[in-house]
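Below is protein_35.cif, which holds mmCIF, C-alpha atoms.
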```
data_upload
#
loop_
_atom_site.group_PDB
_atom_site.id
_atom_site.type_symbol
_atom_site.label_atom_id
_atom_site.label_comp_id
_atom_site.auth_asym_id
_atom_site.auth_seq_id
_atom_site.Cartn_x
_atom_site.Cartn_y
_atom_site.Cartn_z
ATOM 1 C CA MET A 1100 10.688 -9.230 -10.089
ATOM 2 C CA ARG A 1101 9.510 -12.487 -8.518
ATOM 3 C CA GLN A 1102 11.123 -11.515 -5.204
ATOM 4 C CA GLY A 1103 9.240 -8.219 -5.254
ATOM 5 C CA VAL A 1104 5.898 -9.976 -5.790
ATOM 6 C CA ILE A 1105 6.668 -12.427 -2.968
ATOM 7 C CA LEU A 1106 7.458 -9.499 -0.685
ATOM 8 C CA GLY A 1107 4.167 -7.939 -1.765
ATOM 9 C CA PHE A 1108 2.276 -11.021 -0.598
ATOM 10 C CA ALA A 1109 4.259 -10.975 2.657
ATOM 11 C CA CYS A 1110 3.467 -7.286 3.127
ATOM 12 C CA TYR A 1111 -0.280 -7.776 2.832
ATOM 13 C CA ALA A 1112 -0.144 -10.852 5.049
ATOM 14 C CA ALA A 1113 1.430 -8.598 7.703
ATOM 15 C CA TYR A 1114 -1.322 -6.014 7.187
ATOM 16 C CA ALA A 1115 -3.957 -8.753 7.593
ATOM 17 C CA ILE A 1116 -2.347 -9.899 10.858
ATOM 18 C CA SER A 1117 -2.336 -6.282 12.026
ATOM 19 C CA ASP A 1118 -6.061 -6.004 11.257
ATOM 20 C CA ALA A 1119 -6.722 -9.275 13.097
ATOM 21 C CA CYS A 1120 -4.963 -7.813 16.150
ATOM 22 C CA VAL A 1121 -7.315 -4.820 15.999
ATOM 23 C CA LYS A 1122 -10.380 -7.024 15.739
ATOM 24 C CA SER A 1123 -9.180 -9.134 18.669
ATOM 25 C CA LEU A 1124 -9.304 -6.010 20.863
ATOM 26 C CA ARG A 1125 -13.101 -6.032 20.332
ATOM 27 C CA GLY A 1126 -13.400 -2.309 21.020
ATOM 28 C CA ALA A 1127 -11.725 -2.465 24.449
ATOM 29 C CA ILE A 1128 -9.559 0.519 23.419
ATOM 30 C CA PRO A 1129 -10.986 3.566 21.572
ATOM 31 C CA ALA A 1130 -10.219 3.639 17.848
ATOM 32 C CA TYR A 1131 -8.346 6.958 18.147
ATOM 33 C CA GLU A 1132 -5.996 5.516 20.747
ATOM 34 C CA VAL A 1133 -5.368 2.415 18.649
ATOM 35 C CA VAL A 1134 -4.493 4.575 15.648
ATOM 36 C CA PHE A 1135 -2.205 6.811 17.727
ATOM 37 C CA VAL A 1136 -0.236 3.872 19.145
ATOM 38 C CA GLY A 1137 -0.042 2.229 15.719
ATOM 39 C CA ALA A 1138 1.311 5.400 14.110
ATOM 40 C CA LEU A 1139 3.805 5.868 16.933
ATOM 41 C CA LEU A 1140 5.166 2.358 16.387
ATOM 42 C CA CYS A 1141 5.234 2.870 12.604
ATOM 43 C CA LEU A 1142 7.774 5.653 13.149
ATOM 44 C CA GLY A 1143 10.204 2.841 13.940
ATOM 45 C CA ALA A 1144 10.172 1.928 10.249
ATOM 46 C CA VAL A 1145 11.582 5.333 9.221
ATOM 47 C CA PRO A 1146 15.261 4.207 9.241
ATOM 48 C CA PHE A 1147 14.347 1.493 6.725
ATOM 49 C CA ILE A 1148 12.348 3.896 4.542
ATOM 50 C CA ARG A 1149 15.014 6.616 4.335
ATOM 51 C CA ALA A 1150 16.948 6.852 1.112
ATOM 52 C CA PRO A 1151 20.515 8.238 0.941
ATOM 53 C CA GLY A 1152 20.326 11.986 1.392
ATOM 54 C CA ASP A 1153 16.947 11.956 3.147
ATOM 55 C CA ARG A 1154 16.689 13.931 6.377
ATOM 56 C CA LEU A 1155 14.262 13.376 9.229
ATOM 57 C CA ARG A 1156 12.662 16.752 8.598
ATOM 58 C CA ASP A 1157 11.624 15.445 5.175
ATOM 59 C CA LEU A 1158 8.937 13.502 7.051
ATOM 60 C CA VAL A 1159 7.008 16.755 7.451
ATOM 61 C CA ILE A 1160 8.454 18.911 4.650
ATOM 62 C CA ALA A 1161 7.270 18.254 1.098
ATOM 63 C CA ARG A 1162 7.774 19.899 -2.261
ATOM 64 C CA ARG A 1163 3.990 20.168 -2.558
ATOM 65 C CA PRO A 1164 2.652 20.870 0.968
ATOM 66 C CA GLY A 1165 -0.970 20.670 -0.195
ATOM 67 C CA VAL A 1166 -0.503 17.056 -1.280
ATOM 68 C CA TRP A 1167 1.262 16.268 2.015
ATOM 69 C CA TRP A 1168 -1.694 17.601 4.009
ATOM 70 C CA ILE A 1169 -4.198 15.674 1.892
ATOM 71 C CA ARG A 1170 -2.204 12.509 2.529
ATOM 72 C CA ALA A 1171 -2.006 13.284 6.263
ATOM 73 C CA ILE A 1172 -5.724 13.969 6.678
ATOM 74 C CA THR A 1173 -6.878 11.060 4.526
ATOM 75 C CA GLY A 1174 -4.377 8.798 6.315
ATOM 76 C CA ALA A 1175 -5.961 9.686 9.660
ATOM 77 C CA VAL A 1176 -9.503 9.211 8.354
ATOM 78 C CA CYS A 1177 -8.570 5.940 6.643
ATOM 79 C CA ASN A 1178 -6.876 4.440 9.704
ATOM 80 C CA ILE A 1179 -9.566 5.453 12.193
ATOM 81 C CA SER A 1180 -12.415 4.246 9.990
ATOM 82 C CA ALA A 1181 -10.566 0.966 9.307
ATOM 83 C CA VAL A 1182 -10.189 0.274 13.045
ATOM 84 C CA ILE A 1183 -13.899 0.980 13.585
ATOM 85 C CA ALA A 1184 -14.898 -1.242 10.656
ATOM 86 C CA PHE A 1185 -12.730 -4.192 11.690
ATOM 87 C CA THR A 1186 -14.046 -3.895 15.243
ATOM 88 C CA LEU A 1187 -17.695 -4.048 14.195
ATOM 89 C CA LEU A 1188 -17.800 -6.180 11.025
ATOM 90 C CA PRO A 1189 -16.537 -9.581 9.890
ATOM 91 C CA MET A 1190 -13.057 -9.217 8.405
ATOM 92 C CA ALA A 1191 -14.021 -10.412 4.917
ATOM 93 C CA GLU A 1192 -16.978 -8.032 4.732
ATOM 94 C CA THR A 1193 -14.769 -5.145 5.831
ATOM 95 C CA PHE A 1194 -12.135 -5.901 3.195
ATOM 96 C CA ALA A 1195 -14.789 -6.237 0.496
ATOM 97 C CA LEU A 1196 -15.989 -2.678 1.140
ATOM 98 C CA ILE A 1197 -12.474 -1.269 1.511
ATOM 99 C CA PHE A 1198 -11.544 -2.867 -1.825
ATOM 100 C CA LEU A 1199 -13.889 -0.413 -3.514
ATOM 101 C CA MET A 1200 -10.848 1.872 -3.461
ATOM 102 C CA PRO A 1201 -9.727 1.279 -7.114
ATOM 103 C CA ILE A 1202 -13.281 2.024 -8.264
ATOM 104 C CA PHE A 1203 -13.315 5.237 -6.237
ATOM 105 C CA VAL A 1204 -9.935 6.117 -7.795
ATOM 106 C CA THR A 1205 -11.496 5.819 -11.257
ATOM 107 C CA LEU A 1206 -14.411 8.091 -10.316
ATOM 108 C CA LEU A 1207 -12.178 10.684 -8.645
ATOM 109 C CA SER A 1208 -9.792 10.671 -11.602
ATOM 110 C CA VAL A 1209 -12.676 11.628 -13.875
ATOM 111 C CA LEU A 1210 -13.784 14.429 -11.553
ATOM 112 C CA PHE A 1211 -10.418 15.939 -10.602
ATOM 113 C CA LEU A 1212 -7.868 14.780 -13.183
ATOM 114 C CA ARG A 1213 -10.197 14.937 -16.199
ATOM 115 C CA GLU A 1214 -9.112 11.443 -17.258
ATOM 116 C CA HIS A 1215 -11.021 9.655 -19.996
ATOM 117 C CA VAL A 1216 -12.672 6.436 -18.827
ATOM 118 C CA GLY A 1217 -13.833 3.934 -21.427
ATOM 119 C CA TRP A 1218 -16.910 1.759 -21.271
ATOM 120 C CA ARG A 1219 -14.990 -1.208 -19.838
ATOM 121 C CA ARG A 1220 -13.945 0.677 -16.722
ATOM 122 C CA TRP A 1221 -17.438 2.143 -16.365
ATOM 123 C CA MET A 1222 -18.810 -1.397 -16.471
ATOM 124 C CA ALA A 1223 -16.339 -2.375 -13.750
ATOM 125 C CA VAL A 1224 -17.608 0.547 -11.640
ATOM 126 C CA VAL A 1225 -21.207 -0.616 -12.114
ATOM 127 C CA VAL A 1226 -20.316 -4.235 -11.280
ATOM 128 C CA GLY A 1227 -18.431 -3.111 -8.181
ATOM 129 C CA PHE A 1228 -21.406 -1.165 -6.853
ATOM 130 C CA ILE A 1229 -23.742 -4.064 -7.647
ATOM 131 C CA GLY A 1230 -21.404 -6.166 -5.517
ATOM 132 C CA VAL A 1231 -21.772 -3.627 -2.696
ATOM 133 C CA LEU A 1232 -25.553 -3.864 -2.882
ATOM 134 C CA VAL A 1233 -25.338 -7.660 -2.763
ATOM 135 C CA VAL A 1234 -23.025 -7.540 0.268
ATOM 136 C CA LEU A 1235 -25.005 -4.899 2.140
ATOM 137 C CA ARG A 1236 -28.518 -5.919 1.014
ATOM 138 C CA PRO A 1237 -30.087 -2.676 2.246
ATOM 139 C CA GLY A 1238 -33.628 -3.278 3.437
ATOM 140 C CA PHE A 1239 -32.938 -6.960 4.108
ATOM 141 C CA ARG A 1240 -30.331 -6.657 6.864
ATOM 142 C CA GLN A 1241 -29.375 -4.075 9.440
ATOM 143 C CA LEU A 1242 -26.618 -1.701 8.395
ATOM 144 C CA GLY A 1243 -24.525 0.218 10.879
ATOM 145 C CA ILE A 1244 -21.566 2.466 11.520
ATOM 146 C CA GLY A 1245 -19.156 -0.349 10.619
ATOM 147 C CA HIS A 1246 -20.370 -0.433 7.009
ATOM 148 C CA PHE A 1247 -20.125 3.350 6.722
ATOM 149 C CA ALA A 1248 -16.627 3.239 8.235
ATOM 150 C CA ALA A 1249 -15.395 0.583 5.777
ATOM 151 C CA ILE A 1250 -16.652 2.541 2.759
ATOM 152 C CA THR A 1251 -15.144 5.732 4.215
ATOM 153 C CA CYS A 1252 -11.808 3.920 4.524
ATOM 154 C CA GLY A 1253 -11.899 2.941 0.848
ATOM 155 C CA LEU A 1254 -12.902 6.435 -0.253
ATOM 156 C CA SER A 1255 -10.251 8.217 1.814
ATOM 157 C CA GLY A 1256 -7.618 5.800 0.494
ATOM 158 C CA ALA A 1257 -8.708 6.653 -3.048
ATOM 159 C CA VAL A 1258 -8.382 10.393 -2.346
ATOM 160 C CA SER A 1259 -4.869 9.749 -1.072
ATOM 161 C CA MET A 1260 -3.960 7.886 -4.269
ATOM 162 C CA VAL A 1261 -5.297 10.669 -6.485
ATOM 163 C CA ALA A 1262 -3.256 13.144 -4.446
ATOM 164 C CA MET A 1263 -0.180 11.030 -5.195
ATOM 165 C CA ARG A 1264 -0.914 11.355 -8.893
ATOM 166 C CA LEU A 1265 -0.996 15.112 -8.469
ATOM 167 C CA ALA A 1266 2.344 14.951 -6.677
ATOM 168 C CA GLY A 1267 3.971 13.227 -9.652
ATOM 169 C CA GLN A 1268 7.379 11.599 -9.416
ATOM 170 C CA HIS A 1269 9.096 14.479 -7.655
ATOM 171 C CA GLU A 1270 7.925 13.933 -4.071
ATOM 172 C CA LYS A 1271 10.256 12.006 -1.807
ATOM 173 C CA ARG A 1272 9.152 8.601 -0.591
ATOM 174 C CA ILE A 1273 9.935 9.558 3.004
ATOM 175 C CA SER A 1274 7.641 12.603 2.725
ATOM 176 C CA LEU A 1275 4.761 10.486 1.446
ATOM 177 C CA TYR A 1276 5.368 7.950 4.217
ATOM 178 C CA GLY A 1277 5.645 10.718 6.801
ATOM 179 C CA ALA A 1278 2.277 12.171 5.840
ATOM 180 C CA GLY A 1279 0.658 8.761 6.215
ATOM 181 C CA VAL A 1280 2.117 8.388 9.726
ATOM 182 C CA ILE A 1281 2.158 11.936 11.129
ATOM 183 C CA GLY A 1282 -1.479 12.558 10.193
ATOM 184 C CA PRO A 1283 -2.862 9.578 12.162
ATOM 185 C CA LEU A 1284 -0.395 10.315 14.987
ATOM 186 C CA LEU A 1285 -1.605 13.908 15.453
ATOM 187 C CA VAL A 1286 -5.318 13.327 14.850
ATOM 188 C CA GLY A 1287 -5.427 10.120 16.882
ATOM 189 C CA GLY A 1288 -3.464 11.726 19.711
ATOM 190 C CA LEU A 1289 -5.736 14.780 19.927
ATOM 191 C CA LEU A 1290 -8.974 12.781 19.763
ATOM 192 C CA MET A 1291 -7.904 10.177 22.315
ATOM 193 C CA LEU A 1292 -7.056 12.677 25.068
ATOM 194 C CA PRO A 1293 -10.606 13.011 26.489
ATOM 195 C CA HIS A 1294 -11.172 9.229 26.503
ATOM 196 C CA MET A 1295 -7.749 7.713 26.995
ATOM 197 C CA THR A 1296 -7.825 4.127 28.313
ATOM 198 C CA TRP A 1297 -4.920 2.281 29.885
ATOM 199 C CA PRO A 1298 -4.875 -1.184 28.280
ATOM 200 C CA ASP A 1299 -4.468 -4.306 30.368
ATOM 201 C CA PRO A 1300 -1.473 -6.599 29.630
ATOM 202 C CA SER A 1301 -3.428 -8.735 27.144
ATOM 203 C CA ALA A 1302 -4.729 -5.715 25.220
ATOM 204 C CA SER A 1303 -1.247 -4.157 25.306
ATOM 205 C CA ILE A 1304 0.211 -7.186 23.526
ATOM 206 C CA ARG A 1305 -2.460 -7.064 20.808
ATOM 207 C CA LEU A 1306 -2.042 -3.311 20.449
ATOM 208 C CA LEU A 1307 1.709 -3.791 20.115
ATOM 209 C CA GLY A 1308 1.103 -6.470 17.487
ATOM 210 C CA TYR A 1309 -1.116 -4.091 15.524
ATOM 211 C CA GLY A 1310 1.499 -1.340 15.377
ATOM 212 C CA LEU A 1311 4.535 -3.556 14.821
ATOM 213 C CA MET A 1312 2.895 -5.509 12.003
ATOM 214 C CA GLN A 1313 1.893 -2.246 10.340
ATOM 215 C CA GLY A 1314 5.479 -1.019 10.513
ATOM 216 C CA ILE A 1315 6.831 -4.323 9.161
ATOM 217 C CA ALA A 1316 4.286 -4.233 6.349
ATOM 218 C CA GLY A 1317 5.389 -0.716 5.390
ATOM 219 C CA VAL A 1318 9.019 -1.798 5.145
ATOM 220 C CA LEU A 1319 8.108 -4.910 3.118
ATOM 221 C CA LEU A 1320 6.041 -2.795 0.735
ATOM 222 C CA MET A 1321 8.945 -0.387 0.218
ATOM 223 C CA LEU A 1322 11.310 -3.274 -0.526
ATOM 224 C CA ALA A 1323 8.766 -4.884 -2.848
ATOM 225 C CA THR A 1324 8.372 -1.737 -4.959
ATOM 226 C CA LEU A 1325 12.161 -1.492 -5.264
ATOM 227 C CA LEU A 1326 12.349 -5.016 -6.718
ATOM 228 C CA ALA A 1327 9.261 -5.025 -8.956
ATOM 229 C CA PRO A 1328 7.045 -2.456 -10.758
ATOM 230 C CA ALA A 1329 4.237 -1.140 -8.585
ATOM 231 C CA ASN A 1330 1.622 -2.397 -11.062
ATOM 232 C CA ARG A 1331 2.817 -5.950 -10.316
ATOM 233 C CA ILE A 1332 2.683 -5.425 -6.562
ATOM 234 C CA ALA A 1333 -0.758 -3.802 -6.384
ATOM 235 C CA PRO A 1334 -2.831 -6.933 -7.145
ATOM 236 C CA THR A 1335 -1.171 -8.819 -4.270
ATOM 237 C CA GLN A 1336 -3.270 -6.634 -1.971
ATOM 238 C CA TYR A 1337 -6.256 -8.818 -2.796
ATOM 239 C CA SER A 1338 -4.602 -11.772 -1.062
ATOM 240 C CA GLN A 1339 -5.763 -10.082 2.141
ATOM 241 C CA MET A 1340 -9.226 -11.462 1.431
ATOM 242 C CA LEU A 1341 -7.953 -15.024 1.832
ATOM 243 C CA TRP A 1342 -6.350 -14.122 5.145
ATOM 244 C CA ALA A 1343 -9.544 -12.344 6.197
ATOM 245 C CA ILE A 1344 -11.737 -15.352 5.458
ATOM 246 C CA GLY A 1345 -9.317 -17.660 7.282
ATOM 247 C CA PHE A 1346 -8.793 -15.421 10.318
ATOM 248 C CA GLY A 1347 -12.493 -14.589 10.468
ATOM 249 C CA TYR A 1348 -13.513 -18.240 10.474
ATOM 250 C CA TRP A 1349 -10.869 -19.710 12.779
ATOM 251 C CA LEU A 1350 -10.319 -16.844 15.217
ATOM 252 C CA PHE A 1351 -13.588 -14.914 15.358
ATOM 253 C CA GLY A 1352 -16.272 -17.370 14.240
ATOM 254 C CA ASP A 1353 -17.315 -15.259 11.232
ATOM 255 C CA ARG A 1354 -19.748 -16.946 8.849
ATOM 256 C CA LEU A 1355 -20.317 -15.744 5.286
ATOM 257 C CA ASP A 1356 -23.525 -16.667 3.466
ATOM 258 C CA TRP A 1357 -23.696 -17.243 -0.284
ATOM 259 C CA PRO A 1358 -25.039 -13.787 -1.239
ATOM 260 C CA MET A 1359 -22.166 -12.164 0.629
ATOM 261 C CA LEU A 1360 -19.622 -14.427 -1.091
ATOM 262 C CA VAL A 1361 -21.130 -13.524 -4.473
ATOM 263 C CA GLY A 1362 -20.981 -9.815 -3.628
ATOM 264 C CA ILE A 1363 -17.374 -10.116 -2.459
ATOM 265 C CA ALA A 1364 -16.463 -11.881 -5.721
ATOM 266 C CA LEU A 1365 -18.096 -9.087 -7.756
ATOM 267 C CA ILE A 1366 -16.244 -6.366 -5.831
ATOM 268 C CA LEU A 1367 -12.886 -8.157 -6.067
ATOM 269 C CA GLY A 1368 -13.319 -8.884 -9.761
ATOM 270 C CA ALA A 1369 -14.270 -5.281 -10.525
ATOM 271 C CA GLY A 1370 -11.363 -3.971 -8.445
ATOM 272 C CA LEU A 1371 -8.792 -6.220 -10.106
ATOM 273 C CA PHE A 1372 -10.110 -5.365 -13.571
ATOM 274 C CA THR A 1373 -9.920 -1.670 -12.721
ATOM 275 C CA LEU A 1374 -6.283 -2.065 -11.633
ATOM 276 C CA VAL A 1375 -5.420 -3.766 -14.932
ATOM 277 C CA ARG A 1376 -7.196 -1.133 -17.019
ATOM 278 C CA GLU A 1377 -5.634 1.714 -15.001
ATOM 279 C CA GLU A 1378 -2.191 0.359 -15.841
ATOM 280 C CA GLN A 1379 -3.012 -0.112 -19.515
ATOM 281 C CA VAL A 1380 -4.626 3.281 -19.952
ATOM 282 C CA THR A 1381 -2.717 5.634 -17.634
ATOM 283 C CA ARG A 1382 0.473 3.669 -16.797
ATOM 284 C CA TRP A 1383 0.482 5.476 -13.462
ATOM 285 C CA TRP A 1384 1.148 2.285 -11.521
ATOM 286 C CA ARG A 1385 4.577 2.172 -13.173
ATOM 287 C CA ARG A 1386 5.367 5.741 -12.181
ATOM 288 C CA GLN A 1387 4.036 6.045 -8.658
ATOM 289 C CA PRO A 1388 5.143 4.365 -5.442
ATOM 290 C CA LEU A 1389 2.395 2.605 -3.567
ATOM 291 C CA PRO A 1390 0.916 4.389 -0.521
#
```
If you convert what's in this file into structure tokens, what do you get?
Amino acid sequence: MRQGVILGFACYAAYAISDACVKSLRGAIPAYEVVFVGALLCLGAVPFIRAPGDRLRDLVIARRPGVWWIRAITGAVCNISAVIAFTLLPMAETFALIFLMPIFVTLLSVLFLREHVGWRRWMAVVVGFIGVLVVLRPGFRQLGIGHFAAITCGLSGAVSMVAMRLAGQHEKRISLYGAGVIGPLLVGGLLMLPHMTWPDPSASIRLLGYGLMQGIAGVLLMLATLLAPANRIAPTQYSQMLWAIGFGYWLFGDRLDWPMLVGIALILGAGLFTLVREEQVTRWWRRQPLP
């Protein structure tokens, strides 16, 4: 199990590097085009994702097509909004808002899965949203499309996770992966056509780094969940915040004030507590592969 957890940390380090590559583009390439190229490169991970007996057509054929389409659409929305957020906001601030995802999962589970949520998880939801208010400080600082995009990324990721619960244990891993890649590929490709930009050599290298690191991270995550229960891998996602603070400071000159650090701590604490309570109450982390 230790090897699986180590691979989990490596996976989210790769994701953080991928996000840093996006931020380094500084909006030189439209978000749709970035997402399209990233998804195209992620297809290279398919041979490592395939299990014995899987066929390539399983990428687009699922036992529950409705769940596949939800995953595809939310994958496109999540990826595009993440690129926009990382382009416009400091990395740590972006991750803090995206890490609202476990709290959104709790709320959506009440609405659509009729799950019972005890007072502890409700308190975590309240603390998480207090953290958001501390980070955003509406009325005291200017908010923009980047903040909306980061929250949209967290919400769409939560919808995708709830869809996975609906899918149960019967959907193939390659189908779930395919939805998360084909959706951004199609949506990004269609939206980029009117505004396609040919990147210069420097931007091409960073764009390549974004897509390759995403593909590597997907393979590492698959290997991690084979070696350790998913509920042990999930918390390693929060290590991205350390990478974000480091990359933001050393590469992009990001500065975080004390209120923002307090808000980030509240959001991370609420998210981690929600993950622990989800596992104790629903045990779904043991049953489901990670997205």
CA of Phe1135 in chain A sits from CA of Tyr1276 in chain A at a separation of 15.5 Å
From the list A:Leu1188, A:Val1361, A:Val1318, A:Met1100, the nearest residue to Val1231 in chain A using only C-alpha atoms is A:Val1361
Test item: residues at most 8 Å from Phe1203 in chain A, only C-alpha atoms, excluding those fewer than 5 positions along its chain, as a short mmCIF file (atom, residue, chain, number, x, y, z; two decimals) with C-alpha atoms, keeping the file's coordinate frame:
```cif
data_model
loop_
_atom_site.label_atom_id
_atom_site.label_comp_id
_atom_site.auth_asym_id
_atom_site.auth_seq_id
_atom_site.Cartn_x
_atom_site.Cartn_y
_atom_site.Cartn_z
CA GLY A 1253 -11.90 2.94 0.85
CA LEU A 1254 -12.90 6.44 -0.25
CA ALA A 1257 -8.71 6.65 -3.05
#
```
Using all atoms listed in the file, the shortest atom-to-atom distance to Lys1122 in chain A among A:Gly1230, A:Gly1347, A:Gly1279, A:Gly1217 belongs to A:Gly1347
With only C-alpha atoms as the basis for distance, which of A:Phe1194, A:Phe1351, A:Phe1147, A:Trp1218 is at the shortest distance from Val1182 in chain A?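 Nearest to Val1182 in chain A: A:Phe1194.
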Requested in this report: Tell me which residues the PyMOL selection byres ((chain A and resi 1312) around 8) grabs here, as a PyMOL selection string.
Outcome: chain A and resi 1113-1114+1116-1117+1308-1311+1313-1316
Which one of A:Ile1281, A:Leu1355, A:Ala1109, A:Val1104 sits closest to Asp1157 in chain A if you count only C-alpha atoms?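 Ranking A:Ile1281, A:Leu1355, A:Ala1109, A:Val1104 by distance to Asp1157 in chain A, first place goes to A:Ile1281.
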Students should find that CA of Cys1141 in chain A and CA of Leu1374 in chain A are spaced 27.3 Å
Exactly which residues make up the result of the PyMOL selection byres ((chain A and resi 1332-1336) around 12) on this file, given as a CSV table (one decimal) with C-alpha atoms, keeping the file's coordinate frame?
```
chain,number,residue,atom,x,y,z
A,1100,MET,CA,10.7,-9.2,-10.1
A,1101,ARG,CA,9.5,-12.5,-8.5
A,1102,GLN,CA,11.1,-11.5,-5.2
A,1103,GLY,CA,9.2,-8.2,-5.3
A,1104,VAL,CA,5.9,-10.0,-5.8
A,1105,ILE,CA,6.7,-12.4,-3.0
A,1106,LEU,CA,7.5,-9.5,-0.7
A,1107,GLY,CA,4.2,-7.9,-1.8
A,1108,PHE,CA,2.3,-11.0,-0.6
A,1109,ALA,CA,4.3,-11.0,2.7
A,1110,CYS,CA,3.5,-7.3,3.1
A,1111,TYR,CA,-0.3,-7.8,2.8
A,1112,ALA,CA,-0.1,-10.9,5.0
A,1113,ALA,CA,1.4,-8.6,7.7
A,1114,TYR,CA,-1.3,-6.0,7.2
A,1115,ALA,CA,-4.0,-8.8,7.6
A,1194,PHE,CA,-12.1,-5.9,3.2
A,1195,ALA,CA,-14.8,-6.2,0.5
A,1197,ILE,CA,-12.5,-1.3,1.5
A,1198,PHE,CA,-11.5,-2.9,-1.8
A,1200,MET,CA,-10.8,1.9,-3.5
A,1201,PRO,CA,-9.7,1.3,-7.1
A,1316,ALA,CA,4.3,-4.2,6.3
A,1319,LEU,CA,8.1,-4.9,3.1
A,1320,LEU,CA,6.0,-2.8,0.7
A,1321,MET,CA,8.9,-0.4,0.2
A,1322,LEU,CA,11.3,-3.3,-0.5
A,1323,ALA,CA,8.8,-4.9,-2.8
A,1324,THR,CA,8.4,-1.7,-5.0
A,1325,LEU,CA,12.2,-1.5,-5.3
A,1326,LEU,CA,12.3,-5.0,-6.7
A,1327,ALA,CA,9.3,-5.0,-9.0
A,1328,PRO,CA,7.0,-2.5,-10.8
A,1329,ALA,CA,4.2,-1.1,-8.6
A,1330,ASN,CA,1.6,-2.4,-11.1
A,1331,ARG,CA,2.8,-6.0,-10.3
A,1337,TYR,CA,-6.3,-8.8,-2.8
A,1338,SER,CA,-4.6,-11.8,-1.1
A,1339,GLN,CA,-5.8,-10.1,2.1
A,1340,MET,CA,-9.2,-11.5,1.4
A,1341,LEU,CA,-8.0,-15.0,1.8
A,1342,TRP,CA,-6.4,-14.1,5.1
A,1343,ALA,CA,-9.5,-12.3,6.2
A,1367,LEU,CA,-12.9,-8.2,-6.1
A,1368,GLY,CA,-13.3,-8.9,-9.8
A,1370,GLY,CA,-11.4,-4.0,-8.4
A,1371,LEU,CA,-8.8,-6.2,-10.1
A,1372,PHE,CA,-10.1,-5.4,-13.6
A,1373,THR,CA,-9.9,-1.7,-12.7
A,1374,LEU,CA,-6.3,-2.1,-11.6
A,1375,VAL,CA,-5.4,-3.8,-14.9
A,1377,GLU,CA,-5.6,1.7,-15.0
A,1378,GLU,CA,-2.2,0.4,-15.8
A,1383,TRP,CA,0.5,5.5,-13.5
A,1384,TRP,CA,1.1,2.3,-11.5
A,1385,ARG,CA,4.6,2.2,-13.2
A,1387,GLN,CA,4.0,6.0,-8.7
A,1388,PRO,CA,5.1,4.4,-5.4
A,1389,LEU,CA,2.4,2.6,-3.6
A,1390,PRO,CA,0.9,4.4,-0.5
```
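CA of Leu1142 in chain A to CA of Gly1245 in chain A spans 27.7 Å [interatomic distance, one decimal].
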How big is the axis-aligned box around all listed atoms of range 1182-1185 of chain A once 6 Å goes on each side, and where's its centre, in Å to one decimal, as JSON?
```
{"center_x": -12.5, "center_y": -1.6, "center_z": 12.1, "size_x": 16.7, "size_y": 17.2, "size_z": 14.9}
```
Exercise for review: Carefully work through the PyMOL selection byres ((chain A and resi 1247) around 12) for this structure and note down the residues it includes, as an MDAnalysis selection string.
Suggested key: chainID A and resid 1177 1180:1181 1183:1185 1187:1188 1192:1193 1196:1197 1231 1235 1242:1246 1248:1254
